[in-house]
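Dropping target-v6.txt in here (compact mmCIF, C-alpha atoms and all ligand atoms):
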# COMPACT_ATOMS: atom_id res chain seq x y z
CA MET A 88 134.51 95.46 95.52
CA ASN A 89 137.96 96.99 96.16
CA ILE A 90 136.69 99.79 98.36
CA HIS A 91 139.07 102.70 98.75
CA SER A 92 137.07 105.13 100.90
CA ILE A 93 133.67 106.22 102.14
CA THR A 94 132.86 109.93 102.23
CA LEU A 95 130.02 111.48 104.23
CA ARG A 96 128.82 114.93 103.29
CA LEU A 97 126.18 116.86 105.21
CA ILE A 98 124.32 119.16 102.85
CA GLU A 99 121.54 121.67 103.30
CA ALA A 100 119.26 123.51 100.90
CA PRO A 101 116.10 125.61 101.25
CA LEU A 102 112.91 124.28 99.67
CA LYS A 103 111.41 126.47 96.96
CA GLN A 104 108.24 126.66 99.02
CA PRO A 105 107.36 125.33 102.50
CA PHE A 106 106.12 121.73 102.54
CA VAL A 107 103.19 121.60 104.97
CA THR A 108 102.07 118.31 106.51
CA ALA A 109 99.79 117.53 109.44
CA LEU A 110 102.89 116.79 111.52
CA ASN A 111 105.38 119.46 110.55
CA THR A 112 106.26 122.16 108.03
CA VAL A 113 109.55 121.62 106.19
CA MET A 114 111.28 124.81 105.00
CA LYS A 115 114.80 123.53 104.39
CA ARG A 116 116.29 120.11 103.96
CA GLU A 117 119.41 118.62 105.40
CA SER A 118 120.68 115.37 103.98
CA ILE A 119 123.67 113.08 104.29
CA ILE A 120 125.22 112.21 100.95
CA ILE A 121 127.34 109.05 100.95
CA GLU A 122 130.03 108.33 98.39
CA VAL A 123 131.66 104.89 98.27
CA ARG A 124 134.76 104.94 96.10
CA ASP A 125 136.73 102.01 94.74
CA ILE A 126 140.48 101.85 94.09
CA ASN A 127 139.90 102.59 90.39
CA GLY A 128 138.17 105.87 91.15
CA LEU A 129 134.59 104.75 90.46
CA SER A 130 132.07 106.17 92.93
CA GLY A 131 128.66 104.93 94.11
CA TRP A 132 126.22 107.38 95.64
CA GLY A 133 123.55 107.10 98.33
CA GLU A 134 121.41 109.59 100.22
CA VAL A 135 120.17 109.34 103.80
CA VAL A 136 116.53 110.46 103.84
CA ALA A 137 116.08 111.10 107.58
CA PHE A 138 114.97 114.61 108.51
CA SER A 139 116.65 117.06 110.88
CA SER A 140 114.12 116.34 113.63
CA PRO A 141 112.23 113.13 114.49
CA TRP A 142 108.75 114.17 113.26
CA TYR A 143 108.33 111.51 110.58
CA THR A 144 110.51 108.70 111.94
CA GLU A 145 112.61 108.36 115.08
CA GLU A 146 115.77 108.65 112.99
CA THR A 147 117.29 112.06 112.35
CA ILE A 148 120.33 113.42 110.53
CA THR A 149 122.18 113.34 113.86
CA THR A 150 121.29 109.73 114.72
CA CYS A 151 122.20 108.64 111.19
CA MET A 152 125.58 110.40 111.37
CA TYR A 153 126.24 108.69 114.68
CA VAL A 154 125.25 105.21 113.50
CA LEU A 155 127.16 105.56 110.25
CA LYS A 156 130.36 106.78 111.88
CA GLU A 157 130.37 104.72 115.05
CA HIS A 158 128.81 101.47 113.86
CA LEU A 159 128.08 100.85 110.19
CA ILE A 160 131.27 102.19 108.59
CA PRO A 161 133.52 100.46 111.19
CA LEU A 162 131.64 97.17 110.64
CA ILE A 163 132.15 97.43 106.90
CA GLY A 164 135.83 98.23 107.40
CA LYS A 165 136.35 94.82 109.00
CA GLN A 166 134.96 92.83 106.06
CA ILE A 167 135.84 92.15 102.48
CA ILE A 168 132.75 92.97 100.49
CA THR A 169 132.35 91.29 97.14
CA ASN A 170 128.63 91.98 96.77
CA PRO A 171 126.33 94.47 98.55
CA ASP A 172 124.06 91.50 99.31
CA GLN A 173 126.41 90.92 102.25
CA LEU A 174 125.54 94.23 103.89
CA GLN A 175 122.28 93.15 105.50
CA SER A 176 124.04 90.44 107.51
CA ILE A 177 127.06 92.65 108.27
CA TYR A 178 124.62 95.26 109.63
CA GLY A 179 122.78 92.51 111.52
CA ILE A 180 124.09 93.43 114.93
CA VAL A 181 122.75 96.99 114.61
CA ARG A 182 119.02 97.07 115.33
CA GLY A 183 116.80 99.46 113.38
CA HIS A 184 118.39 102.66 112.02
CA HIS A 185 117.02 101.81 108.60
CA MET A 186 117.60 105.19 107.02
CA ALA A 187 121.30 105.16 107.92
CA LYS A 188 121.64 101.58 106.62
CA SER A 189 119.73 102.36 103.45
CA GLY A 190 121.85 105.38 102.52
CA LEU A 191 125.00 103.30 102.76
CA GLU A 192 123.51 100.28 100.99
CA CYS A 193 122.32 102.52 98.14
CA ALA A 194 125.85 103.84 97.63
CA PHE A 195 127.21 100.28 97.51
CA TRP A 196 124.57 99.17 94.99
CA ASP A 197 125.26 102.15 92.76
CA LEU A 198 128.99 101.37 92.84
CA TYR A 199 128.37 97.66 92.25
CA ALA A 200 126.17 98.37 89.21
CA LYS A 201 128.82 100.74 87.85
CA GLN A 202 131.51 98.09 88.32
CA GLN A 203 129.28 95.66 86.40
CA ASN A 204 128.56 98.39 83.85
CA VAL A 205 124.75 98.00 84.12
CA PRO A 206 122.00 100.45 85.02
CA LEU A 207 120.79 99.84 88.56
CA TYR A 208 117.21 99.32 87.43
CA ARG A 209 118.29 96.48 85.14
CA LEU A 210 120.45 94.93 87.87
CA PHE A 211 117.30 94.56 89.97
CA GLY A 212 115.14 93.31 87.13
CA GLY A 213 113.18 96.47 86.39
CA THR A 214 110.62 95.72 83.71
CA ARG A 215 110.20 99.16 82.14
CA ASN A 216 112.51 101.97 81.11
CA GLU A 217 110.09 104.76 81.96
CA ILE A 218 108.00 105.28 85.07
CA GLU A 219 104.87 107.27 85.76
CA ALA A 220 105.25 110.20 88.13
CA GLY A 221 102.98 111.49 90.89
CA VAL A 222 103.30 114.73 92.81
CA VAL A 223 102.43 116.02 96.28
CA ILE A 224 100.68 119.31 96.95
CA ALA A 225 101.50 120.30 100.51
CA SER A 226 100.00 123.67 101.37
CA ASN A 227 97.38 124.77 103.89
CA ASP A 228 96.27 127.44 101.48
CA ILE A 229 93.77 125.98 99.04
CA GLY A 230 94.34 128.81 96.55
CA ALA A 231 98.03 127.94 96.41
CA ALA A 232 97.11 124.27 96.04
CA PHE A 233 95.00 125.06 92.96
CA GLU A 234 97.88 127.02 91.44
CA GLN A 235 100.29 124.15 92.05
CA ILE A 236 97.91 121.59 90.57
CA GLU A 237 97.56 123.68 87.42
CA GLU A 238 101.35 123.84 87.12
CA TYR A 239 101.77 120.10 87.67
CA MET A 240 98.98 119.27 85.24
CA GLU A 241 101.04 121.00 82.57
CA ALA A 242 103.86 118.54 83.28
CA GLY A 243 101.27 115.79 82.92
CA TYR A 244 101.69 114.17 86.34
CA LYS A 245 99.67 110.96 86.54
CA ARG A 246 98.66 111.12 90.22
CA TYR A 247 98.01 114.02 92.65
CA LYS A 248 98.26 113.83 96.42
CA ILE A 249 97.18 116.48 98.88
CA LYS A 250 98.06 116.62 102.53
CA ILE A 251 95.08 116.73 104.87
CA ASN A 252 94.23 116.92 108.55
CA PRO A 253 90.83 116.51 110.23
CA LYS A 254 90.15 120.27 110.06
CA THR A 255 90.90 120.83 106.38
CA ALA A 256 90.05 117.49 104.80
CA ILE A 257 86.45 117.83 103.71
CA ASN A 258 86.68 121.45 102.72
CA HIS A 259 89.78 120.99 100.57
CA VAL A 260 88.75 117.74 98.94
CA GLU A 261 85.26 119.05 98.18
CA LYS A 262 86.67 122.17 96.49
CA LEU A 263 89.18 120.17 94.45
CA ARG A 264 86.59 117.63 93.39
CA LEU A 265 84.22 120.38 92.22
CA THR A 266 86.90 121.73 89.88
CA TYR A 267 88.57 118.42 89.01
CA PRO A 268 85.98 115.65 89.23
CA GLU A 269 88.16 113.17 87.33
CA LEU A 270 91.62 114.00 88.70
CA PRO A 271 93.54 110.93 89.95
CA LEU A 272 93.54 112.30 93.47
CA MET A 273 94.56 110.86 96.82
CA VAL A 274 95.03 112.29 100.30
CA ASP A 275 97.75 111.84 102.92
CA ALA A 276 96.78 112.41 106.56
CA ASN A 277 100.22 111.68 108.05
CA SER A 278 98.47 109.95 110.97
CA SER A 279 96.50 113.03 112.04
CA PHE A 280 93.16 111.21 112.48
CA THR A 281 91.83 108.95 115.20
CA LEU A 282 88.74 106.77 115.14
CA ALA A 283 87.00 109.67 116.92
CA ASP A 284 87.14 111.36 113.47
CA LEU A 285 85.28 108.48 111.85
CA ASP A 286 82.50 110.79 110.61
CA ILE A 287 85.06 112.79 108.59
CA LEU A 288 86.64 109.64 107.18
CA ILE A 289 83.22 108.34 106.15
CA GLN A 290 82.51 111.62 104.34
CA LEU A 291 85.90 111.38 102.61
CA ASP A 292 84.89 107.94 101.40
CA GLU A 293 82.44 109.58 98.93
CA PHE A 294 84.98 111.54 96.87
CA GLN A 295 86.36 108.79 94.61
CA LEU A 296 89.81 109.16 96.11
CA MET A 297 92.44 106.72 94.87
CA MET A 298 93.35 106.08 98.48
CA ILE A 299 93.68 107.60 101.95
CA GLU A 300 97.30 107.46 103.09
CA GLN A 301 98.14 106.81 106.74
CA PRO A 302 95.01 108.13 108.43
CA LEU A 303 95.82 106.69 111.89
CA ASP A 304 98.83 106.27 114.16
CA HIS A 305 102.14 105.13 112.77
CA ASP A 306 102.23 101.97 114.88
CA ASP A 307 98.56 101.06 114.80
CA LEU A 308 97.87 98.19 112.40
CA LEU A 309 94.79 96.98 114.24
CA GLN A 310 92.79 100.18 114.03
CA HIS A 311 93.76 100.60 110.39
CA ARG A 312 92.33 97.14 109.80
CA LEU A 313 89.11 98.11 111.55
CA LEU A 314 88.90 101.37 109.59
CA GLN A 315 89.55 99.61 106.27
CA SER A 316 86.62 97.31 106.99
CA MET A 317 84.38 100.38 107.22
CA LEU A 318 85.62 102.23 104.10
CA LYS A 319 85.39 101.54 100.36
CA THR A 320 88.40 103.77 99.68
CA PRO A 321 91.66 101.82 99.94
CA ILE A 322 93.83 102.70 102.91
CA CYS A 323 97.50 103.11 102.08
CA LEU A 324 100.09 102.58 104.81
CA ASP A 325 103.17 104.79 104.86
CA GLU A 326 104.55 105.53 108.36
CA SER A 327 103.39 102.09 109.56
CA ILE A 328 105.66 100.19 107.19
CA THR A 329 108.91 100.51 109.10
CA SER A 330 110.38 97.16 108.05
CA VAL A 331 109.90 94.04 105.99
CA GLN A 332 108.17 92.42 108.97
CA MET A 333 105.70 95.29 109.35
CA ALA A 334 104.83 94.96 105.66
CA TYR A 335 104.12 91.24 106.19
CA ASN A 336 102.05 92.04 109.29
CA ALA A 337 100.00 94.67 107.47
CA CYS A 338 99.35 92.31 104.54
CA GLU A 339 98.29 89.43 106.75
CA LEU A 340 96.12 91.58 109.00
CA GLY A 341 94.45 93.44 106.13
CA SER A 342 95.38 96.80 107.65
CA GLY A 343 95.10 98.42 104.23
CA GLN A 344 95.05 97.67 100.53
CA VAL A 345 98.09 99.65 99.43
CA ILE A 346 101.65 100.02 100.66
CA CYS A 347 103.84 103.05 100.07
CA VAL A 348 107.39 101.71 99.92
CA LYS A 349 110.18 104.01 100.95
CA MET A 350 113.56 102.39 100.62
CA GLY A 351 115.01 104.44 103.44
CA ARG A 352 112.21 103.75 105.90
CA VAL A 353 112.32 99.97 105.39
CA GLY A 354 116.14 99.59 105.37
CA GLY A 355 117.36 99.79 101.78
CA TRP A 356 117.19 98.13 98.39
CA LYS A 357 117.06 94.52 99.55
CA ALA A 358 114.35 95.24 102.10
CA ALA A 359 112.29 97.13 99.51
CA ILE A 360 112.60 94.25 97.04
CA ASN A 361 111.64 91.75 99.70
CA ILE A 362 108.45 93.76 100.38
CA HIS A 363 107.83 94.12 96.66
CA ASP A 364 108.05 90.37 96.03
CA TYR A 365 105.86 89.53 99.00
CA CYS A 366 103.20 92.09 98.02
CA ILE A 367 102.98 90.65 94.51
CA LYS A 368 102.19 87.25 96.01
CA LYS A 369 99.61 88.77 98.33
CA ASN A 370 97.98 91.01 95.71
CA MET A 371 98.87 94.08 97.73
CA ASN A 372 99.14 97.28 95.66
CA LEU A 373 102.40 99.19 95.77
CA TRP A 374 103.86 102.53 94.96
CA CYS A 375 107.17 104.18 95.65
CA GLY A 376 107.07 107.02 98.20
CA GLY A 377 109.16 110.17 98.43
CA MET A 378 111.00 112.01 101.21
CA ILE A 379 111.58 115.50 99.72
CA GLU A 380 114.79 114.15 98.29
CA PHE A 381 117.69 115.33 96.28
CA GLY A 382 118.43 113.71 92.95
CA ILE A 383 120.50 110.78 94.20
CA SER A 384 117.63 109.38 96.20
CA LYS A 385 115.13 110.27 93.47
CA ALA A 386 117.25 108.28 91.02
CA HIS A 387 117.32 105.24 93.32
CA ASN A 388 113.54 105.54 93.74
CA ALA A 389 112.97 105.80 90.01
CA ALA A 390 114.97 102.58 89.54
CA LEU A 391 112.94 100.86 92.26
CA ALA A 392 109.67 102.02 90.71
CA SER A 393 110.61 100.25 87.46
CA LEU A 394 109.97 96.85 89.11
CA GLU A 395 106.78 95.17 87.97
CA GLY A 396 104.92 95.34 91.31
CA PHE A 397 104.87 99.14 91.27
CA GLN A 398 101.65 99.69 89.37
CA ILE A 399 100.63 103.03 90.92
CA PRO A 400 102.58 106.23 90.10
CA GLY A 401 104.85 107.11 93.05
CA ASP A 402 105.88 110.37 94.71
CA ILE A 403 108.76 110.86 92.28
CA SER A 404 108.67 114.38 90.95
CA SER A 405 111.04 116.60 88.96
CA SER A 406 114.11 117.99 90.71
CA SER A 407 112.56 121.43 90.20
CA ARG A 408 109.54 120.46 92.36
CA PHE A 409 111.68 121.18 95.44
CA TRP A 410 115.02 122.62 94.37
CA ASN A 411 116.42 125.59 92.53
CA GLU A 412 119.38 123.37 91.65
CA ASP A 413 119.79 119.65 92.22
CA ILE A 414 123.03 117.82 92.99
CA ILE A 415 122.76 115.58 89.92
CA TYR A 416 122.89 116.17 86.19
CA PRO A 417 120.85 116.00 84.17
CA GLU A 418 118.16 116.84 86.70
CA ILE A 419 115.14 114.59 87.10
CA ASP A 420 112.62 115.91 84.62
CA VAL A 421 109.00 114.78 84.45
CA GLN A 422 107.59 115.16 80.98
CA LYS A 423 104.15 114.01 79.94
CA GLY A 424 103.93 112.57 83.44
CA LYS A 425 106.88 110.26 82.96
CA ILE A 426 110.51 109.89 83.91
CA ILE A 427 112.68 108.09 81.38
CA LEU A 428 115.26 105.92 83.10
CA SER A 429 118.87 106.40 82.15
CA GLU A 430 120.71 103.53 80.44
CA LYS A 431 124.01 104.65 81.96
CA PRO A 432 125.51 102.38 84.64
CA GLY A 433 124.35 102.64 88.26
CA ILE A 434 121.84 105.37 89.10
CA GLY A 435 122.53 106.75 85.63
CA TYR A 436 123.08 110.38 86.64
CA GLY A 437 126.24 112.41 87.13
CA ILE A 438 127.01 114.38 90.29
CA ASN A 439 126.94 118.15 90.00
CA PHE A 440 130.00 118.75 92.20
CA SER A 441 129.78 122.53 92.13
CA VAL A 442 126.26 122.41 93.62
CA LEU A 443 127.18 119.55 95.98
CA GLU A 444 130.21 121.43 97.35
CA ARG A 445 128.25 124.64 97.69
CA LEU A 446 125.52 122.92 99.73
CA SER A 447 127.99 120.97 101.91
CA LYS A 448 128.29 121.95 105.57
CA MET A 449 130.61 119.12 106.52
CA LYS A 450 132.68 116.45 104.80
CA GLU A 451 134.47 113.49 106.36
CA ILE A 452 136.43 110.73 104.59
CA PHE A 453 136.87 107.22 106.00
CA LYS A 454 139.61 104.98 104.60
O1 LIG A 501 104.10 111.30 104.17
O2 LIG A 501 104.64 110.68 102.21
C1 LIG A 501 104.83 111.39 103.21
C2 LIG A 501 107.54 113.88 102.41
C3 LIG A 501 108.25 113.87 103.59
C4 LIG A 501 107.84 113.08 104.62
C5 LIG A 501 106.71 112.30 104.49
C6 LIG A 501 106.00 112.31 103.32
C7 LIG A 501 106.41 113.12 102.26
C8 LIG A 501 105.67 113.17 101.03
C9 LIG A 501 106.35 112.97 99.71
O3 LIG A 501 104.48 113.35 101.03
C10 LIG A 501 107.15 114.12 99.21
C11 LIG A 501 107.91 113.83 97.95
O4 LIG A 501 107.33 113.87 96.88
O5 LIG A 501 109.13 113.58 98.03
MG MG A 502 102.79 109.77 103.62
Re-express the file's structure as structure tokens.
Amino acid sequence: MNIHSITLRLIEAPLKQPFVTALNTVMKRESIIIEVRDINGLSGWGEVVAFSSPWYTEETITTCMYVLKEHLIPLIGKQIITNPDQLQSIYGIVRGHHMAKSGLECAFWDLYAKQQNVPLYRLFGGTRNEIEAGVVIASNDIGAAFEQIEEYMEAGYKRYKIKINPKTAINHVEKLRLTYPELPLMVDANSSFTLADLDILIQLDEFQLMMIEQPLDHDDLLQHRLLQSMLKTPICLDESITSVQMAYNACELGSGQVICVKMGRVGGWKAAINIHDYCIKKNMNLWCGGMIEFGISKAHNAALASLEGFQIPGDISSSSRFWNEDIIYPEIDVQKGKIILSEKPGIGYGINFSVLERLSKMKEIFK
């Protein structure tokens, strides 16, 4: 691929409003932006979606920086890469660290698609040029949640997700259902329930929810299987799906009926496609998750969501859902509940360098 250099940038931006989950409240977002440049001056872009602290996965910005600098980038430097397909085996001797691997792999795929002059979504066989968008309402204040839903309904979002915990769940869902009996609504518990809360989960089962996302522990496939056998509402696994293997395990065990695929969490494009293909065979429902991302990662997700197995609208919202200004142009813009995919090569978006430089706290170039 004639690689010239790899640049890591650490950026930080405040969220427009705090993002409240059962595990943590996110007020600002750090991210590692990876640029892989070839000798002709073409650049591919990837984004590391780990958070600053290990509340959602073990990986953090700091562990990703370390693994990128000390392991992944040096490994790549020793090889001649003709196709990003090679990366998975080059990375093979590094266990885990999926978010670091994914960010780098994404940058390589974007560059590769640009070198081939094709949009990334077409390179991977995407079957549609527009995708349906869902949005997350993450506030403990139910009044604020109503206001946000009204705003997002104007943009026509196709699927609405609220964050719950055992204390708020029934109260919030009941209120929302009274006002919006038909809203395509789902809930995300971020593993805040245990089977001791079974009575609450059984009450939740009566609200025609599209699904209940990750009610139980992140590494507990067996209890999710038991819970699914007791509920009509599909269980969706998010935190539990840490790899291709865990997706297979969850499918075979029947730990849920839906999988939320996050490219970063499972290890990148190839891992996500592997899960996608397997889930089609197993009749497992899929949607593409979000990580409070900047536009580079949103663009990769939008391309992934164009694959045929993604039949449920994902957490892929407008840039303006989180940011005053995004690092790409044009920004991601949900209209009538849809995102139209760009036909430009690669991720199909330009980089807004003035915003990127302004948000950068650190920049390091590897040649
Ligand atoms: O549990 O799906 C989650 C954001 C950060 C960490 C975990 C989760 C989320 C979201 C999606 O809910 C947010 C988004 O739309 O990007
Ligand atoms: Mg989730």
Go through chain A residue by residue and, counting only C-alpha atoms and all ligand atoms, keep those with an atom at most 10 Å from ligand LIG 501 (chain A); for each kept residue give the shortest atom pair and its distance in Å to one decimal, ordered by chain and increasing number, as CSV.
residue,atom,partner,partner_atom,distance
A:Phe106,CA,A:LIG501,C2,8.0
A:Val107,CA,A:LIG501,C2,9.2
A:Thr108,CA,A:LIG501,O1,7.7
A:Ala109,CA,A:LIG501,O1,9.2
A:Leu110,CA,A:LIG501,C5,9.2
A:Asn111,CA,A:LIG501,C4,9.1
A:Thr112,CA,A:LIG501,C3,9.6
A:Val113,CA,A:LIG501,C3,8.3
A:Val136,CA,A:LIG501,C3,9.0
A:Ala137,CA,A:LIG501,C4,9.0
A:Phe138,CA,A:LIG501,C4,8.3
A:Trp142,CA,A:LIG501,C4,8.8
A:Tyr143,CA,A:LIG501,C4,6.2
A:Thr144,CA,A:LIG501,C4,8.9
A:Ala220,CA,A:LIG501,O4,9.7
A:Gly221,CA,A:LIG501,O4,7.8
A:Val222,CA,A:LIG501,O4,5.8
A:Val223,CA,A:LIG501,O4,5.4
A:Ile224,CA,A:LIG501,O3,8.2
A:Ala225,CA,A:LIG501,O3,7.6
A:Lys248,CA,A:LIG501,O3,7.8
A:Ile249,CA,A:LIG501,O3,8.2
A:Lys250,CA,A:LIG501,O3,7.4
A:Val274,CA,A:LIG501,O3,9.5
A:Asp275,CA,A:LIG501,O1,6.5
A:Ala276,CA,A:LIG501,O1,7.8
A:Asn277,CA,A:LIG501,O1,5.5
A:Ser278,CA,A:LIG501,O1,8.9
A:Glu300,CA,A:LIG501,O1,7.9
A:Gln301,CA,A:LIG501,O1,7.9
A:Leu324,CA,A:LIG501,O1,9.6
A:Asp325,CA,A:LIG501,O1,6.6
A:Glu326,CA,A:LIG501,O1,7.1
A:Cys347,CA,A:LIG501,O2,8.0
A:Val348,CA,A:LIG501,O2,9.7
A:Lys349,CA,A:LIG501,O2,8.8
A:Cys375,CA,A:LIG501,O2,9.6
A:Gly376,CA,A:LIG501,O2,5.9
A:Gly377,CA,A:LIG501,O5,3.4
A:Met378,CA,A:LIG501,O5,4.0
A:Ile379,CA,A:LIG501,O5,3.5
A:Glu380,CA,A:LIG501,O5,5.7
A:Phe381,CA,A:LIG501,O5,8.9
A:Ser384,CA,A:LIG501,O5,9.7
A:Lys385,CA,A:LIG501,O5,8.2
A:Gly401,CA,A:LIG501,O4,8.2
A:Asp402,CA,A:LIG501,O4,4.4
A:Ile403,CA,A:LIG501,O4,5.7
A:Ser404,CA,A:LIG501,O4,6.1
A:Ser405,CA,A:LIG501,O4,9.2
A:Ser406,CA,A:LIG501,O5,9.9
A:Arg408,CA,A:LIG501,O4,8.3
A:Phe409,CA,A:LIG501,O5,8.4
Those residues you just picked out, can you put them in a file as a tab-separated table (two decimals), keeping the file's coordinate frame with C-alpha atoms?
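Okay, this is what ended up in selection-v3.tsv:
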chain	number	residue	atom	x	y	z
A	106	PHE	CA	106.12	121.73	102.54
A	107	VAL	CA	103.19	121.60	104.97
A	108	THR	CA	102.07	118.31	106.51
A	109	ALA	CA	99.79	117.53	109.44
A	110	LEU	CA	102.89	116.79	111.52
A	111	ASN	CA	105.38	119.46	110.55
A	112	THR	CA	106.26	122.16	108.03
A	113	VAL	CA	109.55	121.62	106.19
A	136	VAL	CA	116.53	110.46	103.84
A	137	ALA	CA	116.08	111.10	107.58
A	138	PHE	CA	114.97	114.61	108.51
A	142	TRP	CA	108.75	114.17	113.26
A	143	TYR	CA	108.33	111.51	110.58
A	144	THR	CA	110.51	108.70	111.94
A	220	ALA	CA	105.25	110.20	88.13
A	221	GLY	CA	102.98	111.49	90.89
A	222	VAL	CA	103.30	114.73	92.81
A	223	VAL	CA	102.43	116.02	96.28
A	224	ILE	CA	100.68	119.31	96.95
A	225	ALA	CA	101.50	120.30	100.51
A	248	LYS	CA	98.26	113.83	96.42
A	249	ILE	CA	97.18	116.48	98.88
A	250	LYS	CA	98.06	116.62	102.53
A	274	VAL	CA	95.03	112.29	100.30
A	275	ASP	CA	97.75	111.84	102.92
A	276	ALA	CA	96.78	112.41	106.56
A	277	ASN	CA	100.22	111.68	108.05
A	278	SER	CA	98.47	109.95	110.97
A	300	GLU	CA	97.30	107.46	103.09
A	301	GLN	CA	98.14	106.81	106.74
A	324	LEU	CA	100.09	102.58	104.81
A	325	ASP	CA	103.17	104.79	104.86
A	326	GLU	CA	104.55	105.53	108.36
A	347	CYS	CA	103.84	103.05	100.07
A	348	VAL	CA	107.39	101.71	99.92
A	349	LYS	CA	110.18	104.01	100.95
A	375	CYS	CA	107.17	104.18	95.65
A	376	GLY	CA	107.07	107.02	98.20
A	377	GLY	CA	109.16	110.17	98.43
A	378	MET	CA	111.00	112.01	101.21
A	379	ILE	CA	111.58	115.50	99.72
A	380	GLU	CA	114.79	114.15	98.29
A	381	PHE	CA	117.69	115.33	96.28
A	384	SER	CA	117.63	109.38	96.20
A	385	LYS	CA	115.13	110.27	93.47
A	401	GLY	CA	104.85	107.11	93.05
A	402	ASP	CA	105.88	110.37	94.71
A	403	ILE	CA	108.76	110.86	92.28
A	404	SER	CA	108.67	114.38	90.95
A	405	SER	CA	111.04	116.60	88.96
A	406	SER	CA	114.11	117.99	90.71
A	408	ARG	CA	109.54	120.46	92.36
A	409	PHE	CA	111.68	121.18	95.44
If we count all atoms listed in the file, what is near Lys245 (chain A) at a cut-off of 12 Å, once residues fewer than 6 positions away on the same chain are taken out, given as a PDB file with C-alpha atoms, in the frame of the given file?
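To be explicit, this is the file written out as around_34.pdb:
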ATOM      1  CA  ILE A 218     108.000 105.280  85.070  1.00  0.00           C
ATOM      2  CA  GLU A 219     104.870 107.270  85.760  1.00  0.00           C
ATOM      3  CA  ALA A 220     105.250 110.200  88.130  1.00  0.00           C
ATOM      4  CA  GLY A 221     102.980 111.490  90.890  1.00  0.00           C
ATOM      5  CA  VAL A 222     103.300 114.730  92.810  1.00  0.00           C
ATOM      6  CA  VAL A 223     102.430 116.020  96.280  1.00  0.00           C
ATOM      7  CA  ILE A 236      97.910 121.590  90.570  1.00  0.00           C
ATOM      8  CA  TYR A 239     101.770 120.100  87.670  1.00  0.00           C
ATOM      9  CA  GLU A 269      88.160 113.170  87.330  1.00  0.00           C
ATOM     10  CA  LEU A 270      91.620 114.000  88.700  1.00  0.00           C
ATOM     11  CA  PRO A 271      93.540 110.930  89.950  1.00  0.00           C
ATOM     12  CA  LEU A 272      93.540 112.300  93.470  1.00  0.00           C
ATOM     13  CA  MET A 273      94.560 110.860  96.820  1.00  0.00           C
ATOM     14  CA  MET A 297      92.440 106.720  94.870  1.00  0.00           C
ATOM     15  CA  GLN A 398     101.650  99.690  89.370  1.00  0.00           C
ATOM     16  CA  ILE A 399     100.630 103.030  90.920  1.00  0.00           C
ATOM     17  CA  PRO A 400     102.580 106.230  90.100  1.00  0.00           C
ATOM     18  CA  GLY A 401     104.850 107.110  93.050  1.00  0.00           C
ATOM     19  CA  ASP A 402     105.880 110.370  94.710  1.00  0.00           C
ATOM     20  CA  ILE A 403     108.760 110.860  92.280  1.00  0.00           C
ATOM     21  CA  SER A 404     108.670 114.380  90.950  1.00  0.00           C
ATOM     22  CA  VAL A 421     109.000 114.780  84.450  1.00  0.00           C
ATOM     23  CA  GLN A 422     107.590 115.160  80.980  1.00  0.00           C
ATOM     24  CA  LYS A 423     104.150 114.010  79.940  1.00  0.00           C
ATOM     25  CA  GLY A 424     103.930 112.570  83.440  1.00  0.00           C
ATOM     26  CA  LYS A 425     106.880 110.260  82.960  1.00  0.00           C
ATOM     27  CA  ILE A 426     110.510 109.890  83.910  1.00  0.00           C
TER      28      ILE A 426
END
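Residues with any atom within 8 Å of the point (125.9, 100.0, 91.5), counting all atoms listed in the file, are A:Gly131, A:Cys193, A:Ala194, A:Phe195, A:Trp196, A:Asp197, A:Leu198, A:Tyr199, A:Ala200, A:Lys201, A:Gln202, A:Gln203, A:Val205, A:Pro206, A:Leu207, A:Pro432, A:Gly433, A:Ile434.
Distances here use only C-alpha atoms; by that measure, the residue among A:Asn361, A:Glu444, A:Asn258, A:Arg209 closest to Ser429 (chain A) is A:Arg209.
Among A:Asn127, A:Gln344, A:Ser330, A:Thr281, the residue with the shortest atom-to-atom distance to Gln315 (chain A), counting only C-alpha atoms, is A:Gln344.
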Excluding Ile438 (chain A) and any residue of its chain fewer than 2 positions from it, enumerate the residues within 7 Å of it, using all atoms listed in the file, and give them as number ranges by chain. A: 414-416, 436, 440
Counting only C-alpha atoms, the residue among A:Leu155, A:Tyr267, A:Phe211, A:Leu394 that lies closest to Asp172 (chain A) is A:Phe211
How far is it from CA of Met317 (chain A) to CA of Ile289 (chain A), in Å with one decimal? 8.1 Å
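Distances to Gly133 (chain A) were evaluated for A:Ala232, A:Met449, A:Ile383, A:Ala187 using only C-alpha atoms, and the minimum falls at A:Ile383.
Candidate residues A:Arg352, A:Lys448, A:Lys262, A:Arg116 were compared for distance to ligand MG 502 (chain A), and the nearest is A:Arg352, using all atoms listed in the file.
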Quick check, in Å to one decimal: how far apart do CA of Phe397 (chain A) and CA of His363 (chain A) lie? 7.9 Å
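For the residues A:Gly396, A:Gly437, A:Gly213, A:Pro417, ranking by smallest atom-to-atom distance to Asp364 (chain A) using all atoms listed in the file places A:Gly396 first.
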